[in-house]
>>> print(open('entry-v4.csv').read())   # CSV, C-alpha atoms and all ligand atoms
chain,number,residue,atom,x,y,z
A,1,MET,CA,-12.9,-13.2,12.7
A,2,PRO,CA,-12.3,-14.0,16.4
A,3,ALA,CA,-8.7,-13.9,17.4
A,4,SER,CA,-9.3,-16.4,20.3
A,5,ASP,CA,-9.1,-19.6,18.2
A,6,SER,CA,-7.1,-18.9,15.1
A,7,SER,CA,-5.6,-22.4,14.7
A,8,SER,CA,-7.7,-23.3,11.7
A,9,LEU,CA,-7.3,-19.9,10.0
A,10,LYS,CA,-5.2,-19.9,6.8
A,11,LEU,CA,-4.1,-16.5,5.5
A,12,LEU,CA,-1.9,-15.6,2.6
A,13,VAL,CA,-0.1,-12.4,1.9
A,14,THR,CA,1.4,-11.6,-1.5
A,15,GLY,CA,4.2,-9.0,-1.5
A,16,GLY,CA,4.8,-9.8,2.2
A,17,ALA,CA,8.5,-9.0,1.9
A,18,GLY,CA,7.6,-5.5,0.9
A,19,PHE,CA,6.7,-2.4,2.9
A,20,ILE,CA,3.0,-2.6,3.4
A,21,GLY,CA,3.0,-6.4,3.0
A,22,SER,CA,5.4,-7.0,5.8
A,23,ASN,CA,3.6,-4.7,8.2
A,24,VAL,CA,0.3,-6.5,7.4
A,25,THR,CA,1.9,-9.9,7.8
A,26,LEU,CA,3.4,-9.1,11.2
A,27,ALA,CA,0.1,-7.5,12.3
A,28,LEU,CA,-1.8,-10.6,11.3
A,29,GLN,CA,0.7,-12.8,13.2
A,30,GLU,CA,0.1,-10.7,16.3
A,31,ARG,CA,-3.7,-10.7,16.0
A,32,TYR,CA,-4.0,-14.4,15.0
A,33,PRO,CA,-1.0,-16.0,16.7
A,34,ASP,CA,-2.1,-19.6,15.8
A,35,ALA,CA,-3.1,-18.9,12.2
A,36,GLN,CA,-1.2,-20.6,9.3
A,37,LEU,CA,0.4,-17.7,7.5
A,38,THR,CA,2.0,-17.9,4.0
A,39,VAL,CA,3.8,-15.2,2.2
A,40,ILE,CA,4.5,-15.1,-1.5
A,41,ASP,CA,7.1,-12.7,-2.9
A,42,ASP,CA,9.8,-12.8,-5.6
A,43,PHE,CA,12.0,-10.2,-3.9
A,44,ARG,CA,12.0,-7.9,-7.0
A,45,SER,CA,11.7,-5.0,-4.6
A,46,GLY,CA,11.1,-6.6,-1.2
A,47,ASP,CA,13.6,-7.7,1.4
A,48,PHE,CA,13.6,-10.7,3.8
A,49,LYS,CA,14.8,-8.3,6.6
A,50,ASN,CA,11.4,-6.8,6.7
A,51,LEU,CA,10.0,-10.1,8.1
A,52,ARG,CA,12.2,-10.4,11.2
A,53,GLY,CA,10.2,-12.4,13.8
A,54,TYR,CA,7.9,-14.0,11.2
A,55,ARG,CA,6.9,-17.6,12.0
A,56,GLY,CA,5.1,-18.6,8.9
A,57,ASP,CA,5.7,-20.2,5.5
A,58,PHE,CA,7.3,-18.3,2.5
A,59,VAL,CA,6.9,-19.1,-1.2
A,60,ALA,CA,9.5,-17.4,-3.4
A,61,GLN,CA,7.7,-17.2,-6.7
A,62,ASN,CA,6.8,-14.7,-9.4
A,63,LEU,CA,3.0,-14.3,-9.2
A,64,ALA,CA,2.8,-13.4,-12.9
A,65,ALA,CA,3.9,-17.0,-13.8
A,66,LEU,CA,2.7,-18.9,-10.7
A,67,ASP,CA,0.7,-22.1,-11.1
A,68,TRP,CA,-1.4,-21.8,-8.0
A,69,HIS,CA,-2.9,-25.3,-8.2
A,70,ALA,CA,0.6,-26.9,-8.6
A,71,GLN,CA,1.7,-24.9,-5.6
A,72,PHE,CA,-1.3,-25.2,-3.3
A,73,GLY,CA,-3.6,-27.9,-4.7
A,74,ASP,CA,-7.2,-27.1,-3.7
A,75,GLU,CA,-6.2,-25.4,-0.4
A,76,LYS,CA,-8.7,-22.9,0.8
A,77,PHE,CA,-7.4,-19.7,2.3
A,78,HIS,CA,-9.8,-17.7,4.4
A,79,ALA,CA,-8.3,-14.6,3.0
A,80,ILE,CA,-5.6,-13.6,0.5
A,81,PHE,CA,-4.1,-10.1,0.9
A,82,HIS,CA,-2.7,-9.2,-2.5
A,83,LEU,CA,-0.1,-6.5,-2.0
A,84,ALA,CA,2.5,-7.7,-4.5
A,85,SER,CA,3.0,-5.3,-7.4
A,86,ILE,CA,5.7,-3.4,-9.3
A,87,THR,CA,5.6,-0.3,-7.2
A,88,ASP,CA,8.2,1.9,-9.0
A,89,THR,CA,5.8,4.3,-10.7
A,90,THR,CA,8.7,5.6,-12.8
A,91,ASN,CA,9.0,2.2,-14.5
A,92,HIS,CA,7.5,3.1,-17.8
A,93,ASP,CA,7.9,-0.4,-19.4
A,94,GLN,CA,4.2,-0.7,-20.4
A,95,PHE,CA,4.3,-4.4,-21.1
A,96,GLU,CA,6.1,-5.3,-17.9
A,97,GLN,CA,3.9,-3.1,-15.6
A,98,VAL,CA,0.6,-4.3,-17.1
A,99,HIS,CA,1.6,-7.9,-17.7
A,100,ASP,CA,3.1,-8.5,-14.2
A,101,ASN,CA,0.5,-6.6,-12.2
A,102,VAL,CA,-2.6,-7.6,-14.1
A,103,GLU,CA,-1.7,-11.3,-14.8
A,104,SER,CA,-0.6,-11.8,-11.2
A,105,PHE,CA,-4.1,-10.7,-10.1
A,106,ARG,CA,-5.9,-12.7,-12.8
A,107,ARG,CA,-4.2,-15.9,-11.8
A,108,LEU,CA,-4.9,-15.2,-8.1
A,109,LEU,CA,-8.6,-14.6,-8.8
A,110,LYS,CA,-8.9,-17.7,-10.9
A,111,PHE,CA,-7.5,-19.8,-8.0
A,112,ALA,CA,-9.6,-18.2,-5.3
A,113,GLN,CA,-12.9,-18.1,-7.3
A,114,PRO,CA,-14.1,-21.7,-6.6
A,115,SER,CA,-13.4,-21.6,-2.9
A,116,GLU,CA,-14.4,-18.0,-2.6
A,117,SER,CA,-11.4,-17.1,-0.6
A,118,ARG,CA,-11.8,-13.5,0.4
A,119,ILE,CA,-9.6,-11.2,-1.6
A,120,VAL,CA,-8.2,-7.9,-0.2
A,121,TYR,CA,-6.0,-6.3,-2.8
A,122,ALA,CA,-4.0,-3.0,-3.1
A,123,SER,CA,-5.3,-0.6,-5.6
A,124,SER,CA,-4.0,3.0,-5.5
A,125,ALA,CA,-4.9,6.7,-5.3
A,126,ALA,CA,-2.7,6.9,-8.5
A,127,THR,CA,-5.9,5.7,-10.4
A,128,TYR,CA,-7.3,9.2,-9.8
A,129,GLY,CA,-4.5,10.7,-12.0
A,130,ALA,CA,-3.8,14.4,-11.9
A,131,ALA,CA,-7.3,15.3,-10.6
A,132,ASN,CA,-7.0,17.9,-7.9
A,133,GLY,CA,-9.2,18.0,-4.8
A,134,VAL,CA,-10.9,15.4,-2.8
A,135,ASN,CA,-10.9,12.0,-4.4
A,136,SER,CA,-13.9,9.8,-4.0
A,137,GLU,CA,-14.4,6.3,-5.3
A,138,ALA,CA,-17.1,7.4,-7.7
A,139,ASP,CA,-14.6,9.5,-9.6
A,140,GLU,CA,-13.7,8.0,-12.9
A,141,ALA,CA,-10.2,6.4,-13.2
A,142,ALA,CA,-7.8,8.7,-15.0
A,143,PRO,CA,-4.4,7.0,-14.8
A,144,ALA,CA,-1.5,9.3,-15.7
A,145,ASN,CA,1.1,6.5,-15.9
A,146,VAL,CA,1.2,2.9,-16.7
A,147,TYR,CA,1.5,1.8,-13.1
A,148,ALA,CA,-1.8,3.5,-12.4
A,149,PHE,CA,-3.3,2.0,-15.5
A,150,SER,CA,-2.4,-1.5,-14.3
A,151,LYS,CA,-4.2,-0.7,-11.0
A,152,ALA,CA,-7.3,0.6,-12.8
A,153,ILE,CA,-7.5,-2.7,-14.8
A,154,MET,CA,-7.2,-4.7,-11.6
A,155,ASP,CA,-10.2,-2.6,-10.2
A,156,ASN,CA,-12.1,-3.5,-13.4
A,157,LEU,CA,-11.4,-7.2,-13.0
A,158,ALA,CA,-12.4,-7.1,-9.3
A,159,ARG,CA,-15.7,-5.3,-10.0
A,160,ARG,CA,-16.5,-7.8,-12.7
A,161,ALA,CA,-15.7,-10.9,-10.6
A,162,ALA,CA,-17.7,-9.5,-7.6
A,163,ALA,CA,-20.7,-8.7,-9.8
A,164,GLU,CA,-20.7,-12.2,-11.3
A,165,GLN,CA,-20.4,-13.9,-7.9
A,166,PRO,CA,-21.9,-11.8,-5.2
A,167,SER,CA,-21.2,-14.3,-2.4
A,168,TRP,CA,-17.5,-13.9,-3.1
A,169,LYS,CA,-16.0,-10.9,-1.2
A,170,ILE,CA,-13.4,-8.9,-3.1
A,171,VAL,CA,-12.2,-5.7,-1.4
A,172,GLY,CA,-9.9,-3.2,-3.2
A,173,LEU,CA,-8.1,-0.6,-1.2
A,174,ARG,CA,-6.9,2.6,-2.8
A,175,TYR,CA,-3.9,3.5,-0.6
A,176,PHE,CA,-2.8,7.1,-0.7
A,177,ASN,CA,0.8,8.3,0.2
A,178,VAL,CA,1.9,5.7,2.7
A,179,TYR,CA,4.9,6.2,4.9
A,180,GLY,CA,6.4,4.3,7.9
A,181,PRO,CA,8.6,1.5,9.1
A,182,ARG,CA,10.0,-1.1,6.7
A,183,GLU,CA,10.0,1.0,3.5
A,184,ALA,CA,13.7,1.8,3.2
A,185,HIS,CA,14.3,-1.2,0.8
A,186,LYS,CA,12.2,0.6,-1.8
A,187,GLY,CA,15.0,3.1,-2.5
A,188,MET,CA,13.9,6.0,-4.7
A,189,PRO,CA,10.1,5.0,-4.7
A,190,ALA,CA,10.0,5.1,-0.8
A,191,SER,CA,8.1,8.0,0.7
A,192,MET,CA,9.2,11.6,0.6
A,193,ILE,CA,9.1,11.5,4.4
A,194,LEU,CA,11.9,9.0,4.5
A,195,HIS,CA,13.9,10.9,1.8
A,196,LEU,CA,13.5,14.3,3.4
A,197,SER,CA,14.3,13.0,6.9
A,198,ARG,CA,17.5,11.5,5.6
A,199,GLN,CA,18.6,14.7,3.9
A,200,MET,CA,17.9,16.6,7.2
A,201,LYS,CA,19.7,14.0,9.3
A,202,GLU,CA,22.8,14.4,7.0
A,203,GLY,CA,22.7,18.2,7.7
A,204,LYS,CA,21.3,19.1,4.3
A,205,ARG,CA,18.3,21.4,3.4
A,206,PRO,CA,15.3,19.3,2.4
A,207,ARG,CA,14.7,19.5,-1.4
A,208,VAL,CA,11.2,19.8,-2.7
A,209,PHE,CA,9.5,21.1,-5.9
A,210,LYS,CA,8.8,24.8,-6.1
A,211,HIS,CA,7.3,26.1,-3.9
A,212,GLY,CA,6.4,23.3,-1.5
A,213,GLU,CA,2.7,24.0,-1.5
A,214,GLN,CA,1.6,20.9,-3.3
A,215,LYS,CA,-0.5,18.8,-1.0
A,216,ARG,CA,-0.6,15.1,-0.3
A,217,ASP,CA,-2.7,12.8,1.7
A,218,PHE,CA,0.1,11.2,3.7
A,219,VAL,CA,-1.0,8.2,5.7
A,220,TYR,CA,0.9,6.3,8.3
A,221,VAL,CA,1.4,2.6,7.7
A,222,LYS,CA,-0.2,1.7,11.0
A,223,ASP,CA,-3.5,3.2,9.8
A,224,ILE,CA,-3.1,1.4,6.5
A,225,VAL,CA,-2.7,-1.9,8.5
A,226,GLN,CA,-5.7,-1.1,10.5
A,227,GLY,CA,-7.8,-0.5,7.4
A,228,THR,CA,-6.5,-3.5,5.6
A,229,LEU,CA,-7.3,-5.8,8.5
A,230,ARG,CA,-10.8,-4.3,8.7
A,231,ALA,CA,-11.4,-5.6,5.2
A,232,LEU,CA,-11.5,-9.1,6.7
A,233,GLU,CA,-14.8,-8.3,8.3
A,234,THR,CA,-16.8,-6.3,5.7
A,235,GLN,CA,-19.9,-8.0,4.3
A,236,GLU,CA,-19.7,-6.2,0.9
A,237,SER,CA,-17.4,-6.3,-1.9
A,238,GLY,CA,-16.1,-2.8,-3.0
A,239,ILE,CA,-13.3,-0.5,-3.6
A,240,TYR,CA,-12.4,2.0,-0.8
A,241,ASN,CA,-10.0,4.9,-0.3
A,242,LEU,CA,-7.5,4.4,2.6
A,243,GLY,CA,-5.8,7.6,3.5
A,244,SER,CA,-5.6,10.0,6.4
A,245,GLY,CA,-8.4,12.1,4.9
A,246,GLN,CA,-6.2,15.2,5.2
A,247,ALA,CA,-4.2,17.0,2.5
A,248,ARG,CA,-0.9,18.5,3.9
A,249,SER,CA,1.7,20.5,2.0
A,250,PHE,CA,5.4,19.6,1.7
A,251,ASN,CA,6.2,22.9,3.5
A,252,GLU,CA,4.0,21.7,6.5
A,253,LEU,CA,5.7,18.3,6.4
A,254,ILE,CA,9.2,19.9,6.6
A,255,ALA,CA,8.1,22.0,9.6
A,256,ILE,CA,6.8,18.8,11.3
A,257,LEU,CA,10.1,17.0,10.5
A,258,ASN,CA,12.1,19.9,11.9
A,259,ASP,CA,10.1,19.7,15.1
A,260,SER,CA,10.5,15.9,15.3
A,261,LEU,CA,14.2,15.9,14.5
A,262,GLY,CA,15.1,19.0,16.5
A,263,THR,CA,16.4,20.8,13.3
A,264,ASP,CA,15.6,24.1,11.7
A,265,PHE,CA,16.1,23.8,8.0
A,266,GLU,CA,14.6,25.9,5.3
A,267,PRO,CA,13.4,24.0,2.3
A,268,GLU,CA,15.4,24.2,-0.9
A,269,TYR,CA,13.0,24.5,-3.9
A,270,PHE,CA,13.7,23.3,-7.4
A,271,ASP,CA,11.8,23.2,-10.7
A,272,ASN,CA,9.2,20.4,-11.1
A,273,PRO,CA,10.2,18.5,-14.3
A,274,HIS,CA,6.8,16.6,-14.5
A,275,ALA,CA,4.2,17.9,-16.9
A,276,HIS,CA,1.4,15.7,-15.3
A,277,TYR,CA,1.8,16.1,-11.6
A,278,GLN,CA,-0.7,15.5,-8.8
A,279,ASN,CA,-0.9,18.9,-7.0
A,280,HIS,CA,-3.4,17.7,-4.4
A,281,THR,CA,-4.4,14.3,-3.2
A,282,GLU,CA,-7.0,13.8,-0.5
A,283,ALA,CA,-9.0,10.7,0.3
A,284,ASP,CA,-12.7,11.0,0.8
A,285,LEU,CA,-13.1,8.4,3.6
A,286,THR,CA,-17.0,8.4,3.7
A,287,ASN,CA,-17.2,4.9,2.2
A,288,ALA,CA,-14.2,3.4,4.1
A,289,ARG,CA,-15.7,4.7,7.4
A,290,ARG,CA,-19.2,3.3,6.6
A,291,SER,CA,-18.3,-0.1,5.1
A,292,LEU,CA,-15.0,-0.9,6.9
A,293,GLY,CA,-15.4,1.0,10.1
A,294,TYR,CA,-12.0,2.6,9.2
A,295,GLU,CA,-10.9,5.6,11.3
A,296,PRO,CA,-7.3,6.9,10.9
A,297,GLN,CA,-5.6,7.3,14.3
A,298,PHE,CA,-2.5,9.2,13.3
A,299,SER,CA,-2.3,12.9,12.3
A,300,LEU,CA,0.8,13.7,10.2
A,301,GLU,CA,2.4,15.1,13.4
A,302,ALA,CA,1.8,11.9,15.4
A,303,GLY,CA,2.8,9.6,12.5
A,304,VAL,CA,6.0,11.4,11.7
A,305,THR,CA,7.0,11.5,15.4
A,306,ASP,CA,6.3,7.8,15.8
A,307,TYR,CA,8.2,7.0,12.6
A,308,MET,CA,11.2,9.1,13.4
A,309,ARG,CA,11.6,7.4,16.7
A,310,TRP,CA,11.6,4.1,14.9
A,311,LEU,CA,14.1,5.3,12.2
A,312,TYR,CA,16.5,7.1,14.4
A,313,PRO,CA,16.4,5.6,17.9
A,314,ALA,CA,18.0,7.8,20.5
A,401,LIG,N1,3.4,2.6,-0.6
A,401,LIG,C1,2.4,3.4,-1.0
A,401,LIG,O1,2.4,4.6,-0.8
A,401,LIG,C2,1.4,2.8,-1.9
A,401,LIG,C3,0.4,3.6,-2.4
A,401,LIG,C4,-0.6,3.1,-3.2
A,401,LIG,C5,-0.7,1.7,-3.5
A,401,LIG,N2,0.3,0.9,-3.0
A,401,LIG,C6,0.3,-0.5,-3.3
A,401,LIG,O2,0.4,-1.2,-2.1
A,401,LIG,C7,1.1,-2.5,-2.4
A,401,LIG,C8,2.3,-2.6,-1.6
A,401,LIG,O3,3.3,-1.6,-1.9
A,401,LIG,P1,4.6,-1.3,-1.1
A,401,LIG,O4,4.7,0.2,-0.9
A,401,LIG,O5,4.6,-2.2,0.1
A,401,LIG,O6,5.7,-1.7,-2.1
A,401,LIG,P2,6.9,-2.8,-2.1
A,401,LIG,O7,7.6,-2.6,-3.4
A,401,LIG,O8,7.7,-2.6,-0.8
A,401,LIG,O9,6.2,-4.2,-2.0
A,401,LIG,C9,5.8,-4.9,-3.2
A,401,LIG,C10,6.2,-6.3,-3.0
A,401,LIG,O10,5.7,-7.1,-4.0
A,401,LIG,C11,6.7,-8.0,-4.5
A,401,LIG,N3,6.4,-8.3,-5.9
A,401,LIG,C12,6.2,-7.4,-6.9
A,401,LIG,N4,5.8,-8.1,-8.0
A,401,LIG,C13,5.8,-9.4,-7.7
A,401,LIG,C14,5.4,-10.6,-8.4
A,401,LIG,N5,5.1,-10.5,-9.7
A,401,LIG,N6,5.5,-11.8,-7.8
A,401,LIG,C15,5.9,-11.9,-6.5
A,401,LIG,N7,6.2,-10.8,-5.7
A,401,LIG,C16,6.1,-9.6,-6.3
A,401,LIG,C17,8.0,-7.2,-4.3
A,401,LIG,O11,9.2,-8.0,-4.3
A,401,LIG,C18,7.7,-6.5,-3.0
A,401,LIG,O12,8.2,-7.2,-1.9
A,401,LIG,C19,1.4,-2.5,-3.9
A,401,LIG,O13,0.4,-3.2,-4.6
A,401,LIG,C20,1.3,-1.0,-4.2
A,401,LIG,O14,1.0,-0.8,-5.6
A,401,LIG,C21,1.3,1.4,-2.2
>>> encode(input="entry-v4.csv", output="structure tokens", more="lines below")
Ligand SMILES: NC(=O)c1ccc[n+]([C@@H]2O[C@H](COP(=O)([O-])OP(=O)(O)OC[C@H]3O[C@@H](n4cnc5c(N)ncnc54)[C@H](O)[C@@H]3O)[C@@H](O)[C@H]2O)c1
Amino acid sequence: MPASDSSSLKLLVTGGAGFIGSNVTLALQERYPDAQLTVIDDFRSGDFKNLRGYRGDFVAQNLAALDWHAQFGDEKFHAIFHLASITDTTNHDQFEQVHDNVESFRRLLKFAQPSESRIVYASSAATYGAANGVNSEADEAAPANVYAFSKAIMDNLARRAAAEQPSWKIVGLRYFNVYGPREAHKGMPASMILHLSRQMKEGKRPRVFKHGEQKRDFVYVKDIVQGTLRALETQESGIYNLGSGQARSFNELIAILNDSLGTDFEPEYFDNPHAHYQNHTEADLTNARRSLGYEPQFSLEAGVTDYMRWLYPA
């Protein structure tokens, strides 16, 4: 989509008061300054403060109950970025997780189907479950919690809708462990990078599960924004991993945080209480590279340095 004349462009972001949603919304506003932007969010975990500088419309509604036609009539959006979701993976209320996450998506798909508004929605690496090693999209879903189950059902709905209507483009993005600016409102579910950095800033040793060798594909939100916006251009429907493509251990992360914050803390290890724990996540980016042209720009070192400057300005 050319950025030069964006005045007729109508874009909608659900979950735009949240972490990734606000970063995507502000990036869209920057890339398409004349586009008509609308955010929908019910603030269950988001915060208006994430949208400082936002010039578009805001609809405060619960998507699991929203009557899209009553709200928007037959309006056609060029694209809908669906990022709203219950994001606390420790919320084990099975009805609430599945109802709110899946019904929100079903209602959105039903509204967008006649006009074929492009859908870009957030799936999750959590759908891979406790599988260790490199995760590729062909791997079967193995959700280990009900949050991941709700995302796997969304993937099923998306695949079915895209197969029934090939001209309609629906792109799912399996985000890995995202960190970066505008995540603090999430509290406990925010990234370990935020939590560890805060402990270290308070002069405490960073606490991680024994013995810090579990690996994660930590991905900087600026790369996630890049990949998410690239989904505007792709000609195929599909579900793609979005990560850094690298698995890094918590011990490595703490060393990088020490470098970045000018500290010298040893990790404090404690027992892992979780029976089903992902010991290794790593995105296979082959398909994202090929179909989206996605290429992560931030190593963990570069992303953490950029983020720490934003979090703790000198
Ligand atoms: N942050 C990560 O590491 C990560 C990893 C994998 C997938 N994801 C997915 O990316 C998306 C964005 O996550 P995030 O980290 O920005 O979380 P977030 O909690 O900051 O954002 C979610 C937003 O959705 C809103 N919301 C939730 N349910 C809603 C509903 N029914 N109606 C209206 N608004 C609703 C919340 O108020 C919040 O503003 C989510 O779909 C999440 O599952 C995130």
>>> residues_near_ligand(input="entry-v4.csv", ligand="ligand LIG 401 (chain A)", cutoff="7 Å", atoms="only C-alpha atoms and all ligand atoms", output="mmCIF file with C-alpha atoms, in the frame of the given file")
data_model
loop_
_atom_site.group_PDB
_atom_site.id
_atom_site.type_symbol
_atom_site.label_atom_id
_atom_site.label_comp_id
_atom_site.auth_asym_id
_atom_site.auth_seq_id
_atom_site.Cartn_x
_atom_site.Cartn_y
_atom_site.Cartn_z
ATOM 1 C CA THR A 14 1.400 -11.600 -1.500
ATOM 2 C CA GLY A 15 4.200 -9.000 -1.500
ATOM 3 C CA GLY A 16 4.800 -9.800 2.200
ATOM 4 C CA ALA A 17 8.500 -9.000 1.900
ATOM 5 C CA GLY A 18 7.600 -5.500 0.900
ATOM 6 C CA PHE A 19 6.700 -2.400 2.900
ATOM 7 C CA ILE A 20 3.000 -2.600 3.400
ATOM 8 C CA GLY A 21 3.000 -6.400 3.000
ATOM 9 C CA ILE A 40 4.500 -15.100 -1.500
ATOM 10 C CA ASP A 41 7.100 -12.700 -2.900
ATOM 11 C CA ASP A 42 9.800 -12.800 -5.600
ATOM 12 C CA PHE A 43 12.000 -10.200 -3.900
ATOM 13 C CA ARG A 44 12.000 -7.900 -7.000
ATOM 14 C CA SER A 45 11.700 -5.000 -4.600
ATOM 15 C CA GLY A 46 11.100 -6.600 -1.200
ATOM 16 C CA ASP A 47 13.600 -7.700 1.400
ATOM 17 C CA GLN A 61 7.700 -17.200 -6.700
ATOM 18 C CA ASN A 62 6.800 -14.700 -9.400
ATOM 19 C CA LEU A 63 3.000 -14.300 -9.200
ATOM 20 C CA ALA A 64 2.800 -13.400 -12.900
ATOM 21 C CA LEU A 83 -0.100 -6.500 -2.000
ATOM 22 C CA ALA A 84 2.500 -7.700 -4.500
ATOM 23 C CA SER A 85 3.000 -5.300 -7.400
ATOM 24 C CA ILE A 86 5.700 -3.400 -9.300
ATOM 25 C CA THR A 87 5.600 -0.300 -7.200
ATOM 26 C CA ASP A 100 3.100 -8.500 -14.200
ATOM 27 C CA ASN A 101 0.500 -6.600 -12.200
ATOM 28 C CA SER A 104 -0.600 -11.800 -11.200
ATOM 29 C CA ALA A 122 -4.000 -3.000 -3.100
ATOM 30 C CA SER A 123 -5.300 -0.600 -5.600
ATOM 31 C CA SER A 124 -4.000 3.000 -5.500
ATOM 32 C CA ALA A 125 -4.900 6.700 -5.300
ATOM 33 C CA ALA A 126 -2.700 6.900 -8.500
ATOM 34 C CA ARG A 174 -6.900 2.600 -2.800
ATOM 35 C CA TYR A 175 -3.900 3.500 -0.600
ATOM 36 C CA PHE A 176 -2.800 7.100 -0.700
ATOM 37 C CA ASN A 177 0.800 8.300 0.200
ATOM 38 C CA VAL A 178 1.900 5.700 2.700
ATOM 39 C CA TYR A 179 4.900 6.200 4.900
ATOM 40 C CA GLU A 183 10.000 1.000 3.500
ATOM 41 C CA HIS A 185 14.300 -1.200 0.800
ATOM 42 C CA LYS A 186 12.200 0.600 -1.800
ATOM 43 C CA SER A 191 8.100 8.000 0.700
#
>>> residues_near_point(input="entry-v4.csv", point="(-8.9, 17.8, -6.5)", cutoff="8 Å", atoms="all atoms listed in the file", output="PyMOL selection string")
chain A and resi 131-135+280-282
>>> residues_around(input="entry-v4.csv", residues="Ala231 of chain A", least_positions_apart="3", cutoff="7 Å", atoms="only C-alpha atoms", output="PyMOL selection string")
chain A and resi 120+171+227-228+234+292
>>> residues_around(input="entry-v4.csv", residues="Phe149 of chain A", least_positions_apart="6", cutoff="8 Å", atoms="all atoms listed in the file", output="list in words")
Val98, Thr127 and Pro143 of chain A
>>> atom_distance(input="entry-v4.csv", atom1="atom CA of Leu253 of chain A", atom2="atom CA of His274 of chain A")
21.0 Å
>>> atom_distance(input="entry-v4.csv", atom1="atom CA of Ala288 of chain A", atom2="atom CA of Gln97 of chain A")
27.5 Å
>>> atom_distance(input="entry-v4.csv", atom1="atom CA of Gln246 of chain A", atom2="atom CA of Val13 of chain A")
28.5 Å
>>> residues_around(input="entry-v4.csv", residues="Gln214 of chain A", least_positions_apart="3", cutoff="9 Å", atoms="all atoms listed in the file", output="list of chain:residue names")
A:Phe209, A:Lys210, A:His211, A:Arg248, A:Ser249, A:Phe250, A:Asn251, A:Gln278, A:Asn279, A:His280, A:Thr281
>>> residues_around(input="entry-v4.csv", residues="Gly262 of chain A", least_positions_apart="2", cutoff="12 Å", atoms="all atoms listed in the file", output="list in words")
Ser197, Met200, Lys201, Gly203, Ile254, Ala255, Ile256, Leu257, Asn258, Asp259, Ser260, Asp264, Phe265, Thr305 and Met308 of chain A
>>> write_last_selection(input="entry-v4.csv", atoms="C-alpha atoms", output="mmCIF file, keeping the file's coordinate frame")
data_model
loop_
_atom_site.group_PDB
_atom_site.id
_atom_site.type_symbol
_atom_site.label_atom_id
_atom_site.label_comp_id
_atom_site.auth_asym_id
_atom_site.auth_seq_id
_atom_site.Cartn_x
_atom_site.Cartn_y
_atom_site.Cartn_z
ATOM 1 C CA SER A 197 14.300 13.000 6.900
ATOM 2 C CA MET A 200 17.900 16.600 7.200
ATOM 3 C CA LYS A 201 19.700 14.000 9.300
ATOM 4 C CA GLY A 203 22.700 18.200 7.700
ATOM 5 C CA ILE A 254 9.200 19.900 6.600
ATOM 6 C CA ALA A 255 8.100 22.000 9.600
ATOM 7 C CA ILE A 256 6.800 18.800 11.300
ATOM 8 C CA LEU A 257 10.100 17.000 10.500
ATOM 9 C CA ASN A 258 12.100 19.900 11.900
ATOM 10 C CA ASP A 259 10.100 19.700 15.100
ATOM 11 C CA SER A 260 10.500 15.900 15.300
ATOM 12 C CA ASP A 264 15.600 24.100 11.700
ATOM 13 C CA PHE A 265 16.100 23.800 8.000
ATOM 14 C CA THR A 305 7.000 11.500 15.400
ATOM 15 C CA MET A 308 11.200 9.100 13.400
#
>>> closest_residue(input="entry-v4.csv", among="A:Met188, A:Leu26, A:Leu196, A:Leu9", to="Asn50 of chain A", atoms="all atoms listed in the file")
A:Leu26
>>> residues_around(input="entry-v4.csv", residues="Glu252 of chain A", least_positions_apart="6", cutoff="10 Å", atoms="only C-alpha atoms", output="ChimeraX atom specification")
/A:212-213,215,258,300-301
>>> closest_residue(input="entry-v4.csv", among="A:Ser291, A:Ser8, A:Asn23, A:Gln94", to="Lys76 of chain A", atoms="only C-alpha atoms")
A:Ser8
>>> residues_near_point(input="entry-v4.csv", point="(-0.3, 10.1, 14.3)", cutoff="10 Å", atoms="only C-alpha atoms", output="mmCIF file with C-alpha atoms, keeping the file's coordinate frame")
data_model
loop_
_atom_site.group_PDB
_atom_site.id
_atom_site.type_symbol
_atom_site.label_atom_id
_atom_site.label_comp_id
_atom_site.auth_asym_id
_atom_site.auth_seq_id
_atom_site.Cartn_x
_atom_site.Cartn_y
_atom_site.Cartn_z
ATOM 1 C CA VAL A 219 -1.000 8.200 5.700
ATOM 2 C CA TYR A 220 0.900 6.300 8.300
ATOM 3 C CA LYS A 222 -0.200 1.700 11.000
ATOM 4 C CA ASP A 223 -3.500 3.200 9.800
ATOM 5 C CA SER A 244 -5.600 10.000 6.400
ATOM 6 C CA PRO A 296 -7.300 6.900 10.900
ATOM 7 C CA GLN A 297 -5.600 7.300 14.300
ATOM 8 C CA PHE A 298 -2.500 9.200 13.300
ATOM 9 C CA SER A 299 -2.300 12.900 12.300
ATOM 10 C CA LEU A 300 0.800 13.700 10.200
ATOM 11 C CA GLU A 301 2.400 15.100 13.400
ATOM 12 C CA ALA A 302 1.800 11.900 15.400
ATOM 13 C CA GLY A 303 2.800 9.600 12.500
ATOM 14 C CA VAL A 304 6.000 11.400 11.700
ATOM 15 C CA THR A 305 7.000 11.500 15.400
ATOM 16 C CA ASP A 306 6.300 7.800 15.800
ATOM 17 C CA TYR A 307 8.200 7.000 12.600
#
>>> closest_residue(input="entry-v4.csv", among="A:Arg182, A:Arg31, A:Arg159, A:Lys10", to="Gln226 of chain A", atoms="all atoms listed in the file")
A:Arg31
>>> closest_residue(input="entry-v4.csv", among="A:Arg107, A:Ile239, A:Asp88, A:Arg207", to="Ala152 of chain A", atoms="all atoms listed in the file")
A:Ile239
